[in-house]
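The file query-v1.cif comes next; it holds mmCIF, C-alpha atoms.
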data_target
#
loop_
_atom_site.label_atom_id
_atom_site.label_comp_id
_atom_site.auth_asym_id
_atom_site.auth_seq_id
_atom_site.Cartn_x
_atom_site.Cartn_y
_atom_site.Cartn_z
CA MET A 1 94.66 86.53 119.50
CA PHE A 2 94.75 84.85 116.11
CA PHE A 3 96.77 81.93 117.45
CA SER A 4 96.35 80.16 120.78
CA PHE A 5 99.00 77.83 122.13
CA GLU A 6 98.93 74.92 124.49
CA PRO A 7 101.97 73.43 126.24
CA HIS A 8 103.54 70.34 124.78
CA GLY A 9 105.41 67.75 126.77
CA ARG A 10 108.16 67.38 124.22
CA GLY A 11 109.33 70.48 122.41
CA GLY A 12 107.73 73.90 122.22
CA PRO A 13 104.09 74.99 122.32
CA ARG A 14 101.64 73.75 119.72
CA ILE A 15 99.20 75.92 117.78
CA ARG A 16 95.74 74.82 118.92
CA GLU A 17 93.38 76.91 116.79
CA ILE A 18 93.84 78.82 113.53
CA PRO A 19 90.88 80.59 111.93
CA ILE A 20 90.34 79.49 108.32
CA ARG A 21 90.58 83.09 107.09
CA MET A 22 94.16 83.22 108.39
CA VAL A 23 95.23 80.55 105.93
CA LEU A 24 94.46 82.32 102.64
CA PRO A 25 96.98 85.20 102.76
CA ASN A 26 99.74 82.89 103.99
CA LEU A 27 98.89 80.42 101.22
CA ILE A 28 99.22 83.22 98.65
CA THR A 29 102.62 84.10 100.12
CA VAL A 30 103.81 80.50 99.85
CA LEU A 31 102.54 80.22 96.28
CA ALA A 32 104.41 83.43 95.45
CA ILE A 33 107.66 81.94 96.79
CA CYS A 34 107.06 78.76 94.76
CA ALA A 35 106.48 80.82 91.61
CA GLY A 36 109.61 82.92 92.16
CA LEU A 37 111.85 79.92 92.80
CA SER A 38 110.32 78.07 89.85
CA GLY A 39 111.16 81.08 87.70
CA ILE A 40 114.81 80.75 88.72
CA ARG A 41 114.83 77.05 87.81
CA LEU A 42 113.21 77.72 84.44
CA ALA A 43 115.77 80.43 83.70
CA PHE A 44 118.68 78.07 84.24
CA GLU A 45 116.89 75.58 81.99
CA HIS A 46 116.88 78.35 79.32
CA ARG A 47 113.09 78.57 79.30
CA PHE A 48 113.35 82.30 79.72
CA GLU A 49 109.91 83.52 78.67
CA THR A 50 108.16 81.14 81.05
CA ALA A 51 110.69 82.08 83.75
CA VAL A 52 109.88 85.79 83.43
CA VAL A 53 106.15 85.04 83.52
CA MET A 54 106.62 83.06 86.74
CA VAL A 55 108.62 85.88 88.33
CA LEU A 56 105.95 88.42 87.38
CA ILE A 57 103.27 86.13 88.82
CA ALA A 58 105.33 85.83 92.01
CA ALA A 59 105.65 89.60 92.25
CA PHE A 60 101.91 90.02 91.70
CA LEU A 61 100.95 87.43 94.31
CA ASP A 62 103.44 88.83 96.81
CA GLY A 63 102.01 92.28 96.20
CA ILE A 64 98.43 91.31 96.99
CA ASP A 65 98.83 88.98 99.97
CA GLY A 66 98.90 91.87 102.42
CA ARG A 67 95.81 93.41 100.86
CA VAL A 68 94.02 90.07 101.06
CA ALA A 69 94.99 89.81 104.74
CA ARG A 70 93.57 93.26 105.45
CA MET A 71 90.43 92.51 103.43
CA PHE A 72 89.70 89.37 105.46
CA LYS A 73 90.98 90.95 108.68
CA ALA A 74 93.54 88.17 108.84
CA SER A 75 96.66 90.20 109.56
CA SER A 76 99.07 88.62 112.02
CA LYS A 77 102.68 88.90 113.14
CA PHE A 78 103.36 85.49 111.62
CA GLY A 79 101.98 86.60 108.26
CA ALA A 80 103.95 89.84 108.37
CA GLN A 81 107.21 88.00 109.02
CA MET A 82 106.41 85.45 106.32
CA ASP A 83 105.65 88.22 103.84
CA SER A 84 108.89 90.06 104.62
CA LEU A 85 110.93 86.91 104.01
CA ALA A 86 109.08 86.25 100.74
CA ASP A 87 109.60 89.80 99.48
CA ILE A 88 113.37 89.52 99.21
CA VAL A 89 113.01 86.30 97.20
CA ASN A 90 110.26 87.43 94.84
CA PHE A 91 111.26 91.06 94.35
CA GLY A 92 115.03 90.72 94.61
CA VAL A 93 116.60 87.30 94.16
CA ALA A 94 114.26 85.86 91.50
CA PRO A 95 114.28 88.76 88.99
CA ALA A 96 118.02 89.32 89.45
CA LEU A 97 118.93 85.68 88.79
CA VAL A 98 116.56 85.40 85.82
CA LEU A 99 118.06 88.54 84.28
CA TYR A 100 121.56 87.27 85.01
CA ALA A 101 120.89 83.89 83.38
CA TYR A 102 119.31 85.55 80.35
CA LEU A 103 121.69 88.43 79.70
CA LEU A 104 124.02 89.69 82.44
CA ASP A 105 126.19 86.57 82.57
CA ARG A 106 127.59 87.58 79.18
CA ALA A 107 129.19 90.59 80.86
CA GLY A 108 131.16 88.34 83.21
CA SER A 109 131.89 89.53 86.75
CA PRO A 110 130.41 93.04 86.20
CA GLY A 111 127.09 91.41 85.31
CA TRP A 112 127.12 89.38 88.51
CA ILE A 113 128.02 92.48 90.52
CA ALA A 114 125.07 94.35 89.00
CA ALA A 115 122.72 91.49 89.90
CA LEU A 116 124.06 91.41 93.47
CA LEU A 117 123.68 95.17 93.83
CA PHE A 118 120.05 94.91 92.80
CA VAL A 119 119.32 92.17 95.36
CA ILE A 120 121.08 94.09 98.15
CA ALA A 121 119.29 97.32 97.21
CA CYS A 122 115.97 95.47 97.27
CA GLY A 123 116.72 94.14 100.77
CA LEU A 124 117.64 97.62 102.00
CA ARG A 125 114.51 99.05 100.39
CA LEU A 126 112.28 96.51 102.13
CA ALA A 127 113.96 97.09 105.50
CA ARG A 128 113.49 100.84 105.17
CA PHE A 129 109.84 100.37 104.21
CA ASN A 130 109.22 98.32 107.36
CA VAL A 131 110.86 101.00 109.50
CA LEU A 132 108.93 103.87 107.90
CA ASP A 133 105.69 101.92 108.15
CA GLU A 134 106.09 101.93 111.93
CA ASP A 135 106.91 105.64 112.10
CA LEU A 136 103.87 107.22 113.73
CA GLU A 137 105.34 110.73 113.62
CA ARG A 138 105.23 111.04 109.82
CA PRO A 139 102.63 113.51 108.54
CA ALA A 140 99.56 111.65 107.33
CA TRP A 141 99.80 113.00 103.79
CA GLN A 142 103.29 111.55 103.35
CA ALA A 143 101.79 108.06 103.66
CA GLU A 144 100.47 108.63 100.13
CA TYR A 145 104.04 108.35 98.82
CA PHE A 146 106.71 105.67 98.91
CA VAL A 147 110.28 106.66 99.65
CA GLY A 148 112.09 105.29 96.62
CA VAL A 149 110.69 102.97 93.97
CA PRO A 150 108.70 100.17 95.68
CA ALA A 151 110.17 96.68 95.49
CA PRO A 152 107.36 95.15 93.36
CA ALA A 153 107.78 97.91 90.78
CA GLY A 154 111.56 97.45 90.92
CA ALA A 155 111.15 93.76 90.10
CA GLY A 156 109.05 94.62 87.06
CA LEU A 157 111.39 97.39 85.96
CA VAL A 158 114.63 95.43 86.21
CA LEU A 159 113.26 92.80 83.82
CA LEU A 160 112.79 95.39 81.05
CA PRO A 161 115.84 94.09 79.09
CA THR A 162 114.22 90.64 78.95
CA TYR A 163 110.97 92.10 77.55
CA ILE A 164 112.99 93.88 74.88
CA GLY A 165 114.93 90.72 74.07
CA PHE A 166 111.73 88.69 73.74
CA MET A 167 110.48 91.16 71.12
CA GLY A 168 113.32 90.10 68.84
CA VAL A 169 115.98 92.69 69.64
CA ASP A 170 119.48 91.21 69.32
CA THR A 171 120.93 90.43 72.74
CA GLU A 172 124.45 91.33 71.69
CA ARG A 173 127.13 93.27 73.57
CA PRO A 174 125.46 96.71 73.37
CA LEU A 175 122.25 95.44 75.00
CA VAL A 176 124.23 93.42 77.54
CA TYR A 177 126.21 96.39 78.83
CA ALA A 178 123.23 98.73 78.58
CA SER A 179 121.30 96.22 80.73
CA LEU A 180 124.16 96.15 83.23
CA VAL A 181 124.02 99.93 83.67
CA TYR A 182 120.23 99.87 83.73
CA THR A 183 120.19 97.21 86.49
CA VAL A 184 122.42 99.39 88.67
CA LEU A 185 120.18 102.39 87.93
CA VAL A 186 117.08 100.49 89.10
CA ALA A 187 118.98 99.46 92.25
CA VAL A 188 119.73 103.14 92.92
CA LEU A 189 116.07 104.05 92.39
CA LEU A 190 115.07 101.45 94.99
CA ILE A 191 117.21 102.97 97.74
CA SER A 192 116.80 106.60 96.65
CA ARG A 193 114.75 109.22 98.48
CA LEU A 194 112.60 109.74 95.38
CA PRO A 195 108.94 110.21 96.41
CA VAL A 196 106.72 107.83 94.45
CA TYR A 197 102.95 108.08 94.62
CA SER A 198 101.59 104.89 96.18
CA GLY A 199 97.90 105.08 95.38
CA LYS A 200 97.11 103.51 98.77
CA THR A 201 94.89 106.37 99.84
CA ILE A 202 93.12 106.83 96.52
CA ARG A 203 89.38 107.24 96.87
CA GLN A 204 87.58 103.92 96.81
CA ARG A 205 84.44 105.44 95.33
CA ILE A 206 84.30 106.73 91.77
CA SER A 207 81.64 108.50 89.80
CA SER A 208 79.14 106.19 88.11
CA ASP A 209 80.03 107.88 84.81
CA TRP A 210 83.55 106.44 85.07
CA VAL A 211 82.67 102.86 86.01
CA ILE A 212 82.12 101.55 82.49
CA PRO A 213 85.12 103.37 80.93
CA LEU A 214 87.33 102.09 83.77
CA ILE A 215 86.19 98.49 83.31
CA LEU A 216 86.62 98.80 79.54
CA GLY A 217 90.12 100.22 79.99
CA LEU A 218 91.16 97.39 82.32
CA VAL A 219 89.77 94.76 79.97
CA PHE A 220 91.59 96.40 77.05
CA TYR A 221 94.87 96.34 79.00
CA VAL A 222 94.44 92.67 79.88
CA LEU A 223 93.68 91.86 76.24
CA LEU A 224 96.83 93.69 75.16
CA LEU A 225 98.79 91.84 77.83
CA THR A 226 97.59 88.45 76.60
CA SER A 227 97.90 89.26 72.88
CA TYR A 228 101.12 91.31 72.94
CA PRO A 229 102.70 90.44 76.30
CA TRP A 230 106.23 91.75 75.81
CA GLN A 231 105.23 94.89 73.93
CA THR A 232 102.70 95.67 76.65
CA THR A 233 105.09 95.00 79.54
CA THR A 234 107.77 97.11 77.81
CA ALA A 235 105.35 99.99 77.36
CA SER A 236 104.18 99.63 80.98
CA ALA A 237 107.76 99.72 82.32
CA LEU A 238 108.62 102.78 80.21
CA ALA A 239 105.40 104.52 81.28
CA TYR A 240 106.29 103.89 84.93
CA LEU A 241 109.74 105.40 84.41
CA VAL A 242 108.08 108.50 82.90
CA PHE A 243 105.70 108.58 85.87
CA LEU A 244 108.53 108.82 88.43
CA PRO A 245 109.56 112.48 87.80
CA LEU A 246 105.90 113.45 87.60
CA SER A 247 105.36 111.86 91.00
CA ALA A 248 108.34 113.74 92.47
CA ARG A 249 106.97 117.00 91.08
CA ALA A 250 103.53 116.32 92.59
CA TYR A 251 105.19 115.59 95.94
CA SER A 252 107.06 118.91 95.85
CA ARG A 253 103.86 120.78 95.17
CA ARG A 254 102.03 118.95 97.95
CA ALA A 255 104.88 119.59 100.40
CA ALA A 256 104.80 123.33 99.58
CA LEU A 257 101.03 123.38 100.05
CA GLU A 258 101.23 121.59 103.40
CA GLU A 259 103.97 123.94 104.60
CA ALA A 260 101.83 126.93 103.61
CA LYS A 261 98.87 125.48 105.51
CA ALA A 262 101.01 124.85 108.58
CA ALA A 263 102.42 128.37 108.44
CA ALA A 264 98.93 129.87 108.09
CA THR A 265 97.67 127.81 111.02
CA ALA A 266 100.61 128.83 113.19
CA GLU A 267 100.15 132.47 112.21
CA GLY A 268 96.44 132.33 112.97
CA GLY A 269 97.11 130.69 116.32
CA ALA A 270 99.61 133.40 117.21
CA THR A 271 97.14 136.22 116.47
CA PRO A 272 96.24 137.99 119.75
CA GLN A 273 92.63 137.69 120.74
CA GLY A 274 90.64 140.88 121.41
#

Output the structure of this file as structure tokens.
Amino acid sequence: MFFSFEPHGRGGPRIREIPIRMVLPNLITVLAICAGLSGIRLAFEHRFETAVVMVLIAAFLDGIDGRVARMFKASSKFGAQMDSLADIVNFGVAPALVLYAYLLDRAGSPGWIAALLFVIACGLRLARFNVLDEDLERPAWQAEYFVGVPAPAGAGLVLLPTYIGFMGVDTERPLVYASLVYTVLVAVLLISRLPVYSGKTIRQRISSDWVIPLILGLVFYVLLLTSYPWQTTTASALAYLVFLPLSARAYSRRAALEEAKAAATAEGGATPQG
């Protein structure tokens, strides 16, 4: 038990003891919510670049709180519920409202409808993820793939029109209506059945020959992100979009391989013994 309760004369039970390690992941979740909501405020104050940065920070923090909980063995039902509630704010509401304040409001009601569709799709995507995560009958190899674009990636993708606008592209009618269609497309990707490689089961050990190049590559990416933030985020979003069909193709190949293995095993098991 991570929490122990003692009766209280007035009201419900009180939490008596909470291990310190339980606090960190929940604190990260709360900070993520604060960043996402602050991004919304900044957007309606027309401080759009700072607003997008805050939303991206919120998405990043919300994406790592579960990993931090597992790292410190601080997972709990309370934290899981808190994280689920934060996800819809940070991955759905915050990016949609920032994009709407920056660009989609110029399209009138269709722009608002597109923003709403994205938020609803994000909520459906998160609900489906929670259901599939509890499905113990799924083949183990399928856990390596998400069903549909994950919500954190969707939050980063849907903000692509803002990255482009920050690079100096005119935010006139063509970009507005292209962004409207694009927002709906990202919403569809969230609730689609598209298999997307998750990287959760990637090997944690790498060859020593690759350690230095990997560190150098990560440092180079961070330097690009700090020196050319909107060009780098645009390139990252486009690269992820290119990655999606490649991921689906890899899934198809893996599914065919697993089916062949299952058929061979069944055939071998059916062979009569001498």

**Message:** Starting from the PyMOL selection byres ((chain A and resi 227-243) around 12), expand the selection into actual residues of this file and give them as a PyMOL selection string.
**Reply:** chain A and resi 49-50+52-53+56+149-150+152-169+182+185-186+189+194-198+220-226+244-250

**Item:** Nearest-residue call for Glu45 in chain A, choices A:Val184, A:Ala121, A:Ala101, A:Ile212, using only C-alpha atoms
**Value:**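 Counting only C-alpha atoms, the residue closest to Glu45 in chain A is A:Ala101.
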
**Asked** With all atoms listed in the file as the atoms that count, which of A:Ala151, A:Gly217, A:Phe146, A:Ala107 lies nearest to Arg193 in chain A?
**Response**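 Of the candidates, the smallest distance to Arg193 in chain A is held by A:Phe146.
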
**Message:** Taking 3 positions as the minimum chain separation for residues in the same chain, which residues sit within 12 Å of Leu24 in chain A when counting all atoms listed in the file? Answer as a list in words.
**Reply:** Ile18, Pro19, Ile20, Arg21, Leu27, Ile28, Thr29, Val30, Leu31, Leu61, Ile64, Asp65, Gly66, Arg67, Val68, Ala69, Arg70, Met71, Phe72, Lys73, Ala74, Ser75 and Gly79 of chain A

Could you write out the selected residues, including C-alpha atoms, as an mmCIF file, in the coordinates of the input?
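The resulting again16.cif:
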data_model
loop_
_atom_site.group_PDB
_atom_site.id
_atom_site.type_symbol
_atom_site.label_atom_id
_atom_site.label_comp_id
_atom_site.auth_asym_id
_atom_site.auth_seq_id
_atom_site.Cartn_x
_atom_site.Cartn_y
_atom_site.Cartn_z
ATOM 1 C CA ILE A 18 93.840 78.820 113.530
ATOM 2 C CA PRO A 19 90.880 80.590 111.930
ATOM 3 C CA ILE A 20 90.340 79.490 108.320
ATOM 4 C CA ARG A 21 90.580 83.090 107.090
ATOM 5 C CA LEU A 27 98.890 80.420 101.220
ATOM 6 C CA ILE A 28 99.220 83.220 98.650
ATOM 7 C CA THR A 29 102.620 84.100 100.120
ATOM 8 C CA VAL A 30 103.810 80.500 99.850
ATOM 9 C CA LEU A 31 102.540 80.220 96.280
ATOM 10 C CA LEU A 61 100.950 87.430 94.310
ATOM 11 C CA ILE A 64 98.430 91.310 96.990
ATOM 12 C CA ASP A 65 98.830 88.980 99.970
ATOM 13 C CA GLY A 66 98.900 91.870 102.420
ATOM 14 C CA ARG A 67 95.810 93.410 100.860
ATOM 15 C CA VAL A 68 94.020 90.070 101.060
ATOM 16 C CA ALA A 69 94.990 89.810 104.740
ATOM 17 C CA ARG A 70 93.570 93.260 105.450
ATOM 18 C CA MET A 71 90.430 92.510 103.430
ATOM 19 C CA PHE A 72 89.700 89.370 105.460
ATOM 20 C CA LYS A 73 90.980 90.950 108.680
ATOM 21 C CA ALA A 74 93.540 88.170 108.840
ATOM 22 C CA SER A 75 96.660 90.200 109.560
ATOM 23 C CA GLY A 79 101.980 86.600 108.260
#

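In terms of minimum interatomic distance to Leu175 in chain A, A:Leu104 ranks closest within A:Met54, A:Leu104, A:Ala187, A:Ala140, counting all atoms listed in the file.
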
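Distances here use only C-alpha atoms; by that measure, the residue among A:Gln142, A:Glu258, A:Ala43, A:Val176 closest to Pro110 in chain A is A:Val176.
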
**Message:** Report, in Å with one decimal, the straight-line distance from CA of Ser38 in chain A to CA of Ile88 in chain A.
**Reply:**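 So the answer is 15.1 Å.
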
**Prompt:** Of the candidates A:Ser179, A:Asp87, A:Ser109, A:Ile191, which one gets nearest to Arg128 in chain A if we count only C-alpha atoms?
**Reply:** A:Ile191

**Asked** So how far away is CA of Leu190 in chain A from CA of Arg125 in chain A, in Å?
**Response**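 Computed distance, CA of Arg125 in chain A to CA of Leu190 in chain A, equals 5.9 Å.
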
**Between CA of Trp141 in chain A and CA of Ala262 in chain A, distance in Å (one decimal)** = 12.8 Å

**Counting only C-alpha atoms, the option among A:Phe91, A:Thr265, A:Leu126, A:Phe48 closest to Phe60 in chain A** =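 Using only C-alpha atoms, Phe60 in chain A sits closest to A:Phe91.
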
Please evaluate the PyMOL selection byres ((chain A and resi 94-96) around 8) against the structure above and give the resulting residues as an mmCIF file with C-alpha atoms, in the frame of the given file.
data_model
loop_
_atom_site.group_PDB
_atom_site.id
_atom_site.type_symbol
_atom_site.label_atom_id
_atom_site.label_comp_id
_atom_site.auth_asym_id
_atom_site.auth_seq_id
_atom_site.Cartn_x
_atom_site.Cartn_y
_atom_site.Cartn_z
ATOM 1 C CA GLY A 36 109.610 82.920 92.160
ATOM 2 C CA LEU A 37 111.850 79.920 92.800
ATOM 3 C CA GLY A 39 111.160 81.080 87.700
ATOM 4 C CA ILE A 40 114.810 80.750 88.720
ATOM 5 C CA VAL A 52 109.880 85.790 83.430
ATOM 6 C CA VAL A 55 108.620 85.880 88.330
ATOM 7 C CA VAL A 89 113.010 86.300 97.200
ATOM 8 C CA ASN A 90 110.260 87.430 94.840
ATOM 9 C CA PHE A 91 111.260 91.060 94.350
ATOM 10 C CA GLY A 92 115.030 90.720 94.610
ATOM 11 C CA VAL A 93 116.600 87.300 94.160
ATOM 12 C CA LEU A 97 118.930 85.680 88.790
ATOM 13 C CA VAL A 98 116.560 85.400 85.820
ATOM 14 C CA LEU A 99 118.060 88.540 84.280
ATOM 15 C CA TYR A 100 121.560 87.270 85.010
ATOM 16 C CA ALA A 115 122.720 91.490 89.900
ATOM 17 C CA LEU A 116 124.060 91.410 93.470
ATOM 18 C CA PHE A 118 120.050 94.910 92.800
ATOM 19 C CA VAL A 119 119.320 92.170 95.360
ATOM 20 C CA ALA A 155 111.150 93.760 90.100
ATOM 21 C CA VAL A 158 114.630 95.430 86.210
ATOM 22 C CA LEU A 159 113.260 92.800 83.820
#
